[in-house]
Structure formats: C-alpha cells, structure tokens
Protein chains: 2
Amino acid sequence: MDRGITSPPPKAGVRQKLLDAALSLIREKGYSATSVDQLCTQAGVTKGAFFHHFKSKGALAVAAANHWSEITGAFFETAPYHQRSDPLDRVLGYLDFRKAILKGEIAGFTCFVGTMVQEIYGTNPDIREACEASISGHAAKVEADIREAMKRHRIRAPWTAASLALHTQAVLQGAFIMAKAKGGTSIAAASIDHLHRYIELLFQPARHKRKESS
Amino acid sequence: MDRGITSPPPKAGVRQKLLDAALSLIREKGYSATSVDQLCTQAGVTKGAFFHHFKSKGALAVAAANHWSEITGAFFETAPYHQRSDPLDRVLGYLDFRKAILKGEIAGFTCFVGTMVQEIYGTNPDIREACEASISGHAAKVEADIREAMKRHRIRAPWTAASLALHTQAVLQGAFIMAKAKGGTSIAAASIDHLHRYIELLFQPARHKRKESS
DNA sequence: GACAACATACCGACCGGTTGGTAGCATTGA
DNA sequence: TCAATGCTACCAACCGGTCGGTATGTTGTC
C-alpha cells in the first residue's frame, strides 16, 4: 500500500489521457457537444475505463479545469517576462506574451475554462466553481505584479490591482470570442494592444518621473 | 395572390415565438444543451411546426442571430445617450448604459451571439457567420461615434476607430464571461469602468484643449 | 484469492429529424 | 355560385441513432 505512493505511474496514464482529451475536445466543440464516447476514442480508452476513473462526465470536467490550472500555471511560469526586474515591465511583458501566443488553430490558444463556463454556469455549479477558481488563480498572479508595480511607481488610483488584473482576463476572454467570431486573430491581437496601451497610460505619470525617455 | 402579401401575419406568430424561445433558452444553457423539444415546449409549438418553419435546428440559430441583431439594434437606438451632441459623450454614455444594464438574471443581459459563437465556431460556419455579422454590425454603430469623436477632437492615433469599437465589444464579451464565472456582475461592471477610463485617457489631451473643467 | 484496473455488452432516455395526414383558406373553372 | 383543386400551416406519431451511465466479465498483480 505504501509502495503505491512511490510507484503510482504504472502505465502511460489513462486518467491523464482523458484529461488531455477533455482539454482539446471541449476547447474545439464545447462541453455539451463533446460526448463521453468521443472523449474515450480520443484518449484511446474504453468507456469502462472512463467511469472507473471519473464518476461522471461532469467530474471529468471539474478535474480537467483543475488540470488546466496546473498546465497554464506551469506554462506561464516559464515565460521570459518573469525575469524582468520592473514589475510593470512584467505586466506589459505578460500581455506581449499573450499576444505572441495567438498563433495556429483557435482551439490552440483559447481558454479552456472560459469556453466551458459559458455553457455550464447555470446548470453545473461544481464545474462553474472550478472554472472560477482557475481564472481567479491566474488573475492573482497578474495581480501580484500589478500591486508591486503600483507600489514601486507610487500609484494612487481609484482602481485596485485586483480589478485591473481581472480586467486583463476579461479582455483576453473577450478577445478569444472575437477570434472565434471573426475566424482570425487580428482583432484579438488589436484588443490586447489596447489593453497594453491602457496600462501604459495608467502608469504613465509615474513612469515619466523615473525615466525621461518617452 | 397580391392580397397574400398584404395579409401575411394571420396569427400571433409561431416563428416569432420560436425565435424568442431560442434567445432565452440558448442564453441560459447554450446551443448544444438546448434541444428542439425544449424550444418547442417553451414556444408552445409542436415539433412538426418547428420543422415547418425552420429546416433544421441550425437554421433556427441563424435566424435567431439575425433576430438578435434587430432586437438589440432597436433597443440601443432608443437609449438616452444618443441625444448627446458630443460624439465622445455618446461613446462614454454608451458604456455607462451598458454598465447600467447589468442587472437581474445573467441570461438577461449577456449577449446571445457571443454565447453561441463560442460553441459553434468550429462546427457550424453558417451560425458563426451570422454571429459575426451581429457583433460587427453593432460595433459599426459604436465605431461611427468614435470616428466622429476622433475628428471632432482632432485625435491622431496609432489605433483606428474600428479597432477601438471592436475592443469595446471584446471587453463586454469578456465581462459577460467573468459574470458567468463569478456568478455576479461586480467584476463585469469594474471591467466596463476600466474601458471607460481607457477611452477617457485616449481622448484626454484633446478634451483639455476644449474644456478647462476636469 | 483478493483487489484494482480495466474491457464488453448493454440500458432506458433522449437526440435531431421525418413521416403521413388534416384543417382551413384561396384560386379556379363550369 | 360553388364544388373541385391546390396550397400553406400545422400536428401526433414515430424514426434510427446517440446520449450518459451501469452491470458484469476478464485480467494482471500483490
């Protein structure tokens, strides 16, 4: 029994494969339109295995939302903008990074939990909560840099670091919808540019105090 | 035959009732999760009548997207902000109005086409196109005021009126997602505030030239 | 031989869509 | 004038197929 902890990955991970299948399929077609059979086929797993690991389709969705938090957390942690010393540069670098990511298939850069929460917010509280936690968790990391930037640049403002961080997420989610509607990324990129410009404007007076370059 | 044209609406409109049912149900539960039977029940119509008026569920969705354009067009046209003489005031008034609308049930203020396009962008090109047309059509009205405001206030900028108009729609769509995820409207309202502040900042230098009041 | 980790076969409910049919009205020709 | 005809609008019953989920069997490991 104790050894189970030290030797848990006996195979390539059926659970993991279902989680990955959920991410890709639900990002492509949405939650309701994705069937359990499709998830099993994509994962190369039988239905019996599915319900052995997850007690329902909704339980997989909750697990997938948490899985998404871990994946994106690790992904953004390795991004280059984290190494900048000025926290404002990190925030702006974060936006540049998010803009640079808008490449290839739409389902390749859109937000899994943002897509899912639209469909299930009124019918599946557990999934909604997991999506909310994922978005808020990611926003909290942006918020930390914003808060530090406000302190560093001595910004006193009618807005809070928390609300600005959540605003960045709202803009990104909205940009994804525009990309889906337009069938292209150019409008989404332009929207991120606007957000970038907004944050520059918010911090502009303080910036001019510190550096004389425009 | 000619009389047929002058007397086509003989009843209370089965088609209209199905359109309305589509708007409310799909905004609540999404496109895939809404069944044809549910649409018929809500509209008080039989399934045979459904497929008499619409050749498929998708065809209803396309018609509903166009219906949505008409409804929202008429709704915003009667809004008070249109009477302001300064086009910039109209743009900012538009945002105030959109913020003021965030009341009651979530499905009561969210965007029908924005919700739907997320689910079907990859699987149903016709619906996607109708959604895109609806969003772009609405954005075009905002764009007209922005363009006029740029001219009036002699703004020369690296951004275009079109991109800013689409950005407003992106922020609104994102705000709706945040409302759905959080289960409340406060973050959505804060996001609209940020957008409001952004546009004020963009037009600030010109404003100060024209009026001395802050 | 106990137990986890699957696989297979299957369930009733529900899916989007089709069917044959009819009620009611407009058009037509004798 | 009015039966014959044709057409739209609509209905209830039903279609094959798919849905999420379950019951039971098999297999490998301790």
# chains A, B, ... in the order shown; residues from 1 in each chain; ligands from 1
$ closest_atom_pairs --of "chain A" --to "chain C" --cutoff "10 Å" --atoms "only C-alpha atoms (C1' of nucleotides)" --output "Markdown table"
| residue | atom | partner | partner_atom | distance |
| --- | --- | --- | --- | --- |
| A:Val14 | CA | C:DC6 | C1' | 10.0 |
| A:Val45 | CA | C:DC6 | C1' | 9.4 |
| A:Thr46 | CA | C:DA7 | C1' | 6.8 |
| A:Lys47 | CA | C:DA7 | C1' | 8.4 |
| A:Gly48 | CA | C:DA7 | C1' | 6.5 |
| A:Ala49 | CA | C:DC6 | C1' | 5.7 |
| A:Phe50 | CA | C:DC6 | C1' | 9.5 |
| A:His52 | CA | C:DC6 | C1' | 8.0 |
| A:His53 | CA | C:DA5 | C1' | 9.6 |
$ write_last_selection --atoms "C-alpha atoms" --output "compact mmCIF listing (two decimals), in the first residue's frame"
# COMPACT_ATOMS: atom_id res chain seq x y z
CA VAL A 14 -5.36 6.62 -18.59
CA VAL A 45 -9.69 4.29 -23.71
CA THR A 46 -12.84 2.25 -23.20
CA LYS A 47 -15.98 3.54 -21.58
CA GLY A 48 -15.44 1.23 -18.66
CA ALA A 49 -12.08 2.82 -18.00
CA PHE A 50 -13.66 6.26 -18.18
CA HIS A 52 -13.61 3.73 -13.43
CA HIS A 53 -11.62 6.95 -13.12
$ interface_residues --of "chain D" --to "chain A" --cutoff "10 Å" --atoms "only C-alpha atoms (C1' of nucleotides)" --output "list in words"
DT18, DC19, DG20, DG21, DT22 and DC30 of chain D
$ write_last_selection --atoms "C-alpha atoms (C1' of nucleotides)" --output "compact mmCIF listing (two decimals), in the first residue's frame"
# COMPACT_ATOMS: atom_id res chain seq x y z
C1' DT D 18 -26.69 8.63 -29.75
C1' DC D 19 -26.70 10.07 -25.08
C1' DG D 20 -24.68 9.41 -20.14
C1' DG D 21 -24.36 5.76 -17.31
C1' DT D 22 -24.28 0.71 -15.44
C1' DC D 30 0.28 -8.45 -4.80
$ interface_residues --of "chain B" --to "chain A" --cutoff "8 Å" --atoms "only C-alpha atoms" --output "ChimeraX atom specification"
/B:28-30,32-33,114-115,117-123,128-129,131-132,163-164,166-167,169-175,177-178,180-183,187,190-191,194,198,201
$ residues_around --residues "Asp96 of chain A" --least-positions-apart "4" --cutoff "10 Å" --atoms "only C-alpha atoms (C1' of nucleotides)" --output "list of chain:residue names"
A:Tyr81, A:Arg90, A:Val91, A:Leu92, A:Ala100, A:Ile101, A:Ala189, A:Ile192, A:Asp193, A:His196
$ write_last_selection --atoms "N, CA and C atoms" --output "PDB file, in the first residue's frame"
ATOM      1  N   TYR A  81       8.992  36.808 -19.611  1.00  0.00           N
ATOM      2  CA  TYR A  81       8.728  38.109 -18.993  1.00  0.00           C
ATOM      3  C   TYR A  81       8.930  38.115 -17.481  1.00  0.00           C
ATOM      4  N   ARG A  90       6.930  43.472 -16.228  1.00  0.00           N
ATOM      5  CA  ARG A  90       6.440  42.085 -16.199  1.00  0.00           C
ATOM      6  C   ARG A  90       4.968  42.042 -16.635  1.00  0.00           C
ATOM      7  N   VAL A  91       4.191  43.010 -16.162  1.00  0.00           N
ATOM      8  CA  VAL A  91       2.772  43.045 -16.557  1.00  0.00           C
ATOM      9  C   VAL A  91       2.638  43.274 -18.062  1.00  0.00           C
ATOM     10  N   LEU A  92       3.362  44.264 -18.560  1.00  0.00           N
ATOM     11  CA  LEU A  92       3.298  44.545 -20.002  1.00  0.00           C
ATOM     12  C   LEU A  92       3.893  43.389 -20.804  1.00  0.00           C
ATOM     13  N   ALA A 100       1.637  37.212 -28.375  1.00  0.00           N
ATOM     14  CA  ALA A 100       2.520  36.414 -29.236  1.00  0.00           C
ATOM     15  C   ALA A 100       2.026  34.976 -29.386  1.00  0.00           C
ATOM     16  N   ILE A 101       1.234  34.561 -28.420  1.00  0.00           N
ATOM     17  CA  ILE A 101       0.754  33.176 -28.402  1.00  0.00           C
ATOM     18  C   ILE A 101      -0.388  32.926 -29.382  1.00  0.00           C
ATOM     19  N   ALA A 189      -5.607  40.360 -31.324  1.00  0.00           N
ATOM     20  CA  ALA A 189      -4.306  40.990 -31.087  1.00  0.00           C
ATOM     21  C   ALA A 189      -4.465  42.490 -30.886  1.00  0.00           C
ATOM     22  N   ILE A 192      -5.662  43.229 -27.401  1.00  0.00           N
ATOM     23  CA  ILE A 192      -4.584  43.148 -26.416  1.00  0.00           C
ATOM     24  C   ILE A 192      -3.693  44.387 -26.501  1.00  0.00           C
ATOM     25  N   ASP A 193      -3.504  44.892 -27.703  1.00  0.00           N
ATOM     26  CA  ASP A 193      -2.763  46.146 -27.861  1.00  0.00           C
ATOM     27  C   ASP A 193      -3.437  47.283 -27.103  1.00  0.00           C
ATOM     28  N   HIS A 196      -2.799  46.869 -23.503  1.00  0.00           N
ATOM     29  CA  HIS A 196      -1.403  47.246 -23.263  1.00  0.00           C
ATOM     30  C   HIS A 196      -1.278  48.770 -23.153  1.00  0.00           C
TER      31      HIS A 196
END
$ atom_distance --atom1 "atom CA of Trp68 of chain B" --atom2 "atom CA of Gln16 of chain B"
11.7 Å
$ residues_around --residues "Leu88 of chain B" --least-positions-apart "6" --cutoff "10 Å" --atoms "only C-alpha atoms (C1' of nucleotides)" --output "list in words"
Tyr94, Asp145, Ile146, Arg147, Glu148, Ala149, Met150, Arg152, His153, Ile199, Glu200, Phe203 and Arg207 of chain B
$ write_last_selection --atoms "N, CA and C atoms" --output "compact mmCIF listing (two decimals), in the first residue's frame"
# COMPACT_ATOMS: atom_id res chain seq x y z
N TYR B 94 -22.63 55.41 -23.96
CA TYR B 94 -22.92 54.02 -24.35
C TYR B 94 -22.38 53.04 -23.31
N ASP B 145 -19.52 56.71 -33.93
CA ASP B 145 -19.36 57.75 -32.91
C ASP B 145 -17.89 57.97 -32.58
N ILE B 146 -17.14 56.87 -32.51
CA ILE B 146 -15.71 57.01 -32.21
C ILE B 146 -15.01 57.80 -33.31
N ARG B 147 -15.34 57.46 -34.53
CA ARG B 147 -14.70 58.15 -35.66
C ARG B 147 -15.03 59.64 -35.63
N GLU B 148 -16.28 59.93 -35.36
CA GLU B 148 -16.68 61.34 -35.29
C GLU B 148 -15.98 62.06 -34.14
N ALA B 149 -15.86 61.33 -33.03
CA ALA B 149 -15.18 61.91 -31.86
C ALA B 149 -13.71 62.19 -32.17
N MET B 150 -13.09 61.29 -32.91
CA MET B 150 -11.68 61.49 -33.27
C MET B 150 -11.52 62.72 -34.15
N ARG B 152 -13.71 65.29 -34.37
CA ARG B 152 -14.10 66.46 -33.59
C ARG B 152 -12.96 66.92 -32.66
N HIS B 153 -12.34 65.94 -32.03
CA HIS B 153 -11.30 66.28 -31.05
C HIS B 153 -9.91 66.23 -31.66
N ILE B 199 -10.84 54.99 -22.52
CA ILE B 199 -11.27 55.89 -23.60
C ILE B 199 -11.13 57.35 -23.17
N GLU B 200 -11.41 57.62 -21.91
CA GLU B 200 -11.18 58.98 -21.40
C GLU B 200 -9.71 59.36 -21.54
N PHE B 203 -8.69 60.21 -25.08
CA PHE B 203 -9.18 61.50 -25.58
C PHE B 203 -8.82 62.65 -24.65
N ARG B 207 -9.48 66.77 -24.97
CA ARG B 207 -10.52 67.29 -24.08
C ARG B 207 -10.06 68.54 -23.35
$ atom_distance --atom1 "atom CA of Thr41 of chain A" --atom2 "atom CA of Asp126 of chain A"
25.3 Å
$ atom_distance --atom1 "atom CA of Glu70 of chain A" --atom2 "atom CA of Leu19 of chain A"
11.9 Å
$ select_by_dssp --residues "segment 90-142 of chain A" --states "helix (DSSP H, G or I)" --output "ChimeraX atom specification"
/A:90-100,106-108,112-120,125-142
